[in-house]
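**Student:** One structure, pasted below without further comment.
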Amino acid sequence: MTAAEPATGVLAGRRVLVTGVLTPKSIAFGIAEAAQRQGAEVLLTSFGRAMSLTRRSAQRLDPAPEVLELDVTDTAGIAAVAEHVRTTWGSLDGLVHAVGFAPEDCLGGGFVDAPWESVSTAFHVSAYSLQALARQFVPLMSENRGSIVTLTFDASVAWPLYDWMGPAKAALEAITRYLARDLGRNRIRVNALAAGPLETIAAKSIPGFNVLKESWQRQAPLGWDSADTAPVADACLFLLSDLARAITGEVLHVDGGFHSQGAPLVELEAAR
């Protein structure tokens with residue numbers, strides 16, 4: 001697509017803010033890349049030491065999008081980015097919430113011993129931040145076009161070693177439903193994608209991730225390629241687009257069907 005050619009695709013003419021891009025292996029990077037292919041203008045956010053990684057990754061997109069610094073726990077900082085979007089674009093059509101973090105003592109088998117200081121950080125970054133972002137960016141969204149998509153990991157069961165990120169994701173899914181309730185009156189949709197395990201920087205910080213990945217590859221009915229973010233990115237484009245205009249408050253599983261099988265977790269338990 002050249003500058004003289006009109007944008008085409010299911011997101012043609014849409015403006016989408018994508019958080020959480022680190023490396024090209026990031027789910028968020030796959031979403032940003034796919035959104036551009038489908039005609040969207042994209043803006044990225046990052047934070048702190050990760051900014052340099054995000055800026056390098058942005059250069060691999062065409063066109064290279066602007067990267068803004070955004071700490072999702074800083075209300076004033078979120079408001080400043082929203083104001084930048086207002087003055088630069090005037091409006092926003094899509095918001096992708098792809099941020100999550102838990103301190104080391106919240107993962108790996110320390111569920112009972114994890115202190116509130118660490119748990120509160122996990123909840124603030126991984127769950128409450130969705131509401132914080134929505135509060136600032138929803139006023140920029142027009143009726144019938146606004147869509148918010150967040151990323152989760154199936155919170156309907158307790159996963160070995162995932163510990164406090166499990167309750168944080170359960171809270172995130174609940175927040176998705178409550179935002180869908182409150183924003184539906186403005187025709188703004190809020191949905192979550194429950195992806196299977198993917199080989200991102202964040203995933204590699206989870207103890208036992210390789211065991212989880214291998215179990216998924218064996219037991220998902222459709223199989224699962226943990227190096228391929230494209231299925232999740234494509235599902236996100238669907239939820240951002242008018243094709244999903246009657247869908248909100250949903251947790252859509254993009255996991256090769258693993259969640260539907262009641263698959264045994266013997267291997268995962270052995271990883272404790």
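Chain identifiers are assigned as A, B, and so on, following the order in which chains appear in the structure tokens; residues are numbered from 1 within each chain, and ligands are numbered from 1 in order of appearance.
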Tell me which protein, DNA and RNA residues are within 8 Å of Met141 in chain A, counting only C-alpha atoms, leaving out same-chain ones fewer than 4 positions away, and put them as a VMD selection string.
**Tutor:** chain A and resid 91 to 94 137 145 to 146 188
**Student:** Per residue of range 62-147 of chain A within 9 Å of range 51-58 of chain A, note the shortest atom pair and the distance in Å to one decimal, counting only C-alpha atoms, and order the rows by chain and increasing residue number, as a Markdown table.
**Tutor:**
```
| residue | atom | partner | partner_atom | distance |
| --- | --- | --- | --- | --- |
| A:Asp62 | CA | A:Ala58 | CA | 8.4 |
| A:Pro63 | CA | A:Ala58 | CA | 8.6 |
| A:Ala64 | CA | A:Ala58 | CA | 5.3 |
| A:Pro65 | CA | A:Ala58 | CA | 6.1 |
| A:Glu66 | CA | A:Ala58 | CA | 7.7 |
| A:Val67 | CA | A:Arg55 | CA | 6.4 |
| A:Leu68 | CA | A:Met51 | CA | 8.5 |
| A:Glu69 | CA | A:Met51 | CA | 7.1 |
```
**Student:** As a ChimeraX atom specification, please: the residues near range 13-29 of chain A (cut-off 6 Å, only C-alpha atoms, same-chain neighbours under 3 positions excluded).
**Tutor:** /A:32,40-45,53-54,57,92-99,200,229
**Student:** Check the DSSP output for the backbone and give back, as a PDB file with C-alpha atoms, in the first residue's frame, the residues of range 44-241 of chain A in strand (DSSP E or B).
**Tutor:**
```
ATOM      1  CA  LEU A  44       2.041   1.631  20.244  1.00  0.00           C
ATOM      2  CA  THR A  45       2.771   2.149  23.921  1.00  0.00           C
ATOM      3  CA  SER A  46       5.543   0.804  26.123  1.00  0.00           C
ATOM      4  CA  VAL A  67       5.681   4.668  20.336  1.00  0.00           C
ATOM      5  CA  LEU A  68       4.451   6.486  23.448  1.00  0.00           C
ATOM      6  CA  GLU A  69       5.515   5.812  27.023  1.00  0.00           C
ATOM      7  CA  GLY A  94      -9.784   0.242  18.955  1.00  0.00           C
ATOM      8  CA  LEU A  95      -7.809  -0.391  22.131  1.00  0.00           C
ATOM      9  CA  VAL A  96      -5.767  -3.551  22.693  1.00  0.00           C
ATOM     10  CA  HIS A  97      -4.874  -4.224  26.334  1.00  0.00           C
ATOM     11  CA  SER A 147     -13.890  -1.917  20.526  1.00  0.00           C
ATOM     12  CA  ILE A 148     -11.652  -2.909  23.438  1.00  0.00           C
ATOM     13  CA  VAL A 149      -9.855  -6.267  23.427  1.00  0.00           C
ATOM     14  CA  THR A 150      -7.763  -7.697  26.258  1.00  0.00           C
ATOM     15  CA  LEU A 151      -5.624 -10.832  26.489  1.00  0.00           C
ATOM     16  CA  THR A 152      -6.188 -13.487  29.144  1.00  0.00           C
ATOM     17  CA  ARG A 189     -17.711  -3.501  22.826  1.00  0.00           C
ATOM     18  CA  VAL A 190     -15.342  -5.111  25.340  1.00  0.00           C
ATOM     19  CA  ASN A 191     -14.039  -8.645  24.857  1.00  0.00           C
ATOM     20  CA  ALA A 192     -11.179 -10.912  25.922  1.00  0.00           C
ATOM     21  CA  LEU A 193      -9.056 -13.423  24.029  1.00  0.00           C
ATOM     22  CA  ALA A 194      -7.929 -16.514  25.949  1.00  0.00           C
ATOM     23  CA  ALA A 195      -4.852 -17.606  24.019  1.00  0.00           C
TER      24      ALA A 195
END
```
**Student:** Enumerate the residues of range 71-132 of chain A with a DSSP assignment of alpha helix (DSSP H), computed from the backbone, and present them as a list in words.
**Tutor:**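 Matching residues, listed in order: Thr75, Ala76, Gly77, Ile78, Ala79, Ala80, Val81, Ala82, Glu83, His84, Val85, Arg86, Thr87, Thr88, Trp116, Glu117, Ser118, Val119, Ser120, Thr121, Ala122, Phe123, Ser129, Leu130, Gln131 and Ala132 of chain A.
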**Student:** Show me, as a list in words, the residues that have an atom within 12 Å of Ala220 in chain A when counting only C-alpha atoms, minus same-chain residues fewer than 2 positions from it.
**Tutor:**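 Final neighbour list, sorted by chain and number: Gly196, Pro197, Leu212, Lys213, Glu214, Ser215, Trp216, Gln217, Arg218, Leu222, Gly223, Trp224, Asp225, Ser226, His253, Val254, Asp255, Gly256, Gly257, Phe258, His259, Ser260, Gln261, Gly262, Ala263 and Pro264 of chain A.
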**Student:** Which residues, written as a list of chain:residue names, have at least one atom at most 6 Å from range 107-123 of chain A, with only C-alpha atoms counted and residues fewer than 3 positions away on the same chain left out?
**Tutor:** A:Phe101, A:Ala102, A:Pro103, A:Glu104, A:Ser126, A:Ala127, A:Leu161, A:Tyr162, A:Asp163, A:Ala168, A:Pro207
**Student:** Filtering to N, CA and C atoms, could you give me those residues as an mmCIF file, in the first residue's frame?
**Tutor:**
```cif
data_model
loop_
_atom_site.group_PDB
_atom_site.id
_atom_site.type_symbol
_atom_site.label_atom_id
_atom_site.label_comp_id
_atom_site.auth_asym_id
_atom_site.auth_seq_id
_atom_site.Cartn_x
_atom_site.Cartn_y
_atom_site.Cartn_z
ATOM 1 N N PHE A 101 1.671 -8.396 34.442
ATOM 2 C CA PHE A 101 2.914 -8.570 35.201
ATOM 3 C C PHE A 101 2.577 -9.074 36.589
ATOM 4 N N ALA A 102 3.424 -9.981 37.085
ATOM 5 C CA ALA A 102 3.346 -10.429 38.476
ATOM 6 C C ALA A 102 4.765 -10.563 39.004
ATOM 7 N N PRO A 103 5.038 -10.052 40.188
ATOM 8 C CA PRO A 103 6.366 -10.237 40.782
ATOM 9 C C PRO A 103 6.710 -11.719 40.902
ATOM 10 N N GLU A 104 7.980 -11.994 40.964
ATOM 11 C CA GLU A 104 8.460 -13.378 40.964
ATOM 12 C C GLU A 104 7.863 -14.211 42.081
ATOM 13 N N SER A 126 -2.204 -6.155 35.816
ATOM 14 C CA SER A 126 -2.789 -7.167 34.934
ATOM 15 C C SER A 126 -4.299 -7.088 34.807
ATOM 16 N N ALA A 127 -4.985 -6.458 35.752
ATOM 17 C CA ALA A 127 -6.447 -6.451 35.737
ATOM 18 C C ALA A 127 -7.043 -5.047 35.813
ATOM 19 N N LEU A 161 1.645 -23.706 39.008
ATOM 20 C CA LEU A 161 2.751 -22.754 38.868
ATOM 21 C C LEU A 161 2.317 -21.344 38.448
ATOM 22 N N TYR A 162 1.117 -21.180 37.911
ATOM 23 C CA TYR A 162 0.655 -19.863 37.454
ATOM 24 C C TYR A 162 0.264 -18.977 38.642
ATOM 25 N N ASP A 163 -0.169 -19.609 39.693
ATOM 26 C CA ASP A 163 -0.433 -18.974 40.987
ATOM 27 C C ASP A 163 -1.223 -17.670 40.885
ATOM 28 N N ALA A 168 -5.577 -12.972 39.024
ATOM 29 C CA ALA A 168 -5.511 -11.681 38.330
ATOM 30 C C ALA A 168 -6.216 -11.763 36.977
ATOM 31 N N PRO A 207 7.407 -20.164 35.508
ATOM 32 C CA PRO A 207 8.053 -21.452 35.764
ATOM 33 C C PRO A 207 7.254 -22.600 35.136
#
```
**Student:** Quick one: of A:Pro231, A:Pro160, A:Gly184, A:Gly249, who's nearest to Phe209 in chain A, counting only C-alpha atoms?
**Tutor:**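 That would be A:Pro160, the residue with the smallest distance to Phe209 in chain A.
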**Student:** From the list A:Ala158, A:Ala174, A:Ala244, A:Ala79, which residue is nearest Asn144 in chain A when using only C-alpha atoms?
**Tutor:** A:Ala244
**Student:** Please, what distance in Å, to one decimal, runs between CA of Arg187 in chain A and CA of Ser142 in chain A?
**Tutor:** 8.3 Å
**Student:** Report, in Å with one decimal, the straight-line distance from CA of His124 in chain A to CA of Glu199 in chain A.
**Tutor:**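 Calculated distance between CA of His124 in chain A and CA of Glu199 in chain A is 23.8 Å.
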**Student:** Find the residue from A:Ala50, A:Ala12, A:Ala82, A:Cys106 that sits nearest to Arg37 in chain A; use only C-alpha atoms when measuring.
**Tutor:**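 The closest residue to Arg37 in chain A is A:Ala12.
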**Student:** With only C-alpha atoms as the basis for distance, which of A:Ala203, A:Ala246, A:Ala233, A:Leu239 is at the shortest distance from Gly30 in chain A?
**Tutor:** A:Ala233
**Student:** Nearest residue to Ala132 in chain A out of A:Asp105, A:Asp182, A:Glu83, A:Asp74, using only C-alpha atoms?
**Tutor:**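 Closest candidate: A:Asp74.
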**Student:** Select, from A:Asp154, A:Glu143, A:Glu33, A:Asp71, the residue with the minimum atom-to-atom distance to Val251 in chain A, counting only C-alpha atoms.
**Tutor:**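 Counting only C-alpha atoms, the residue closest to Val251 in chain A is A:Asp154.
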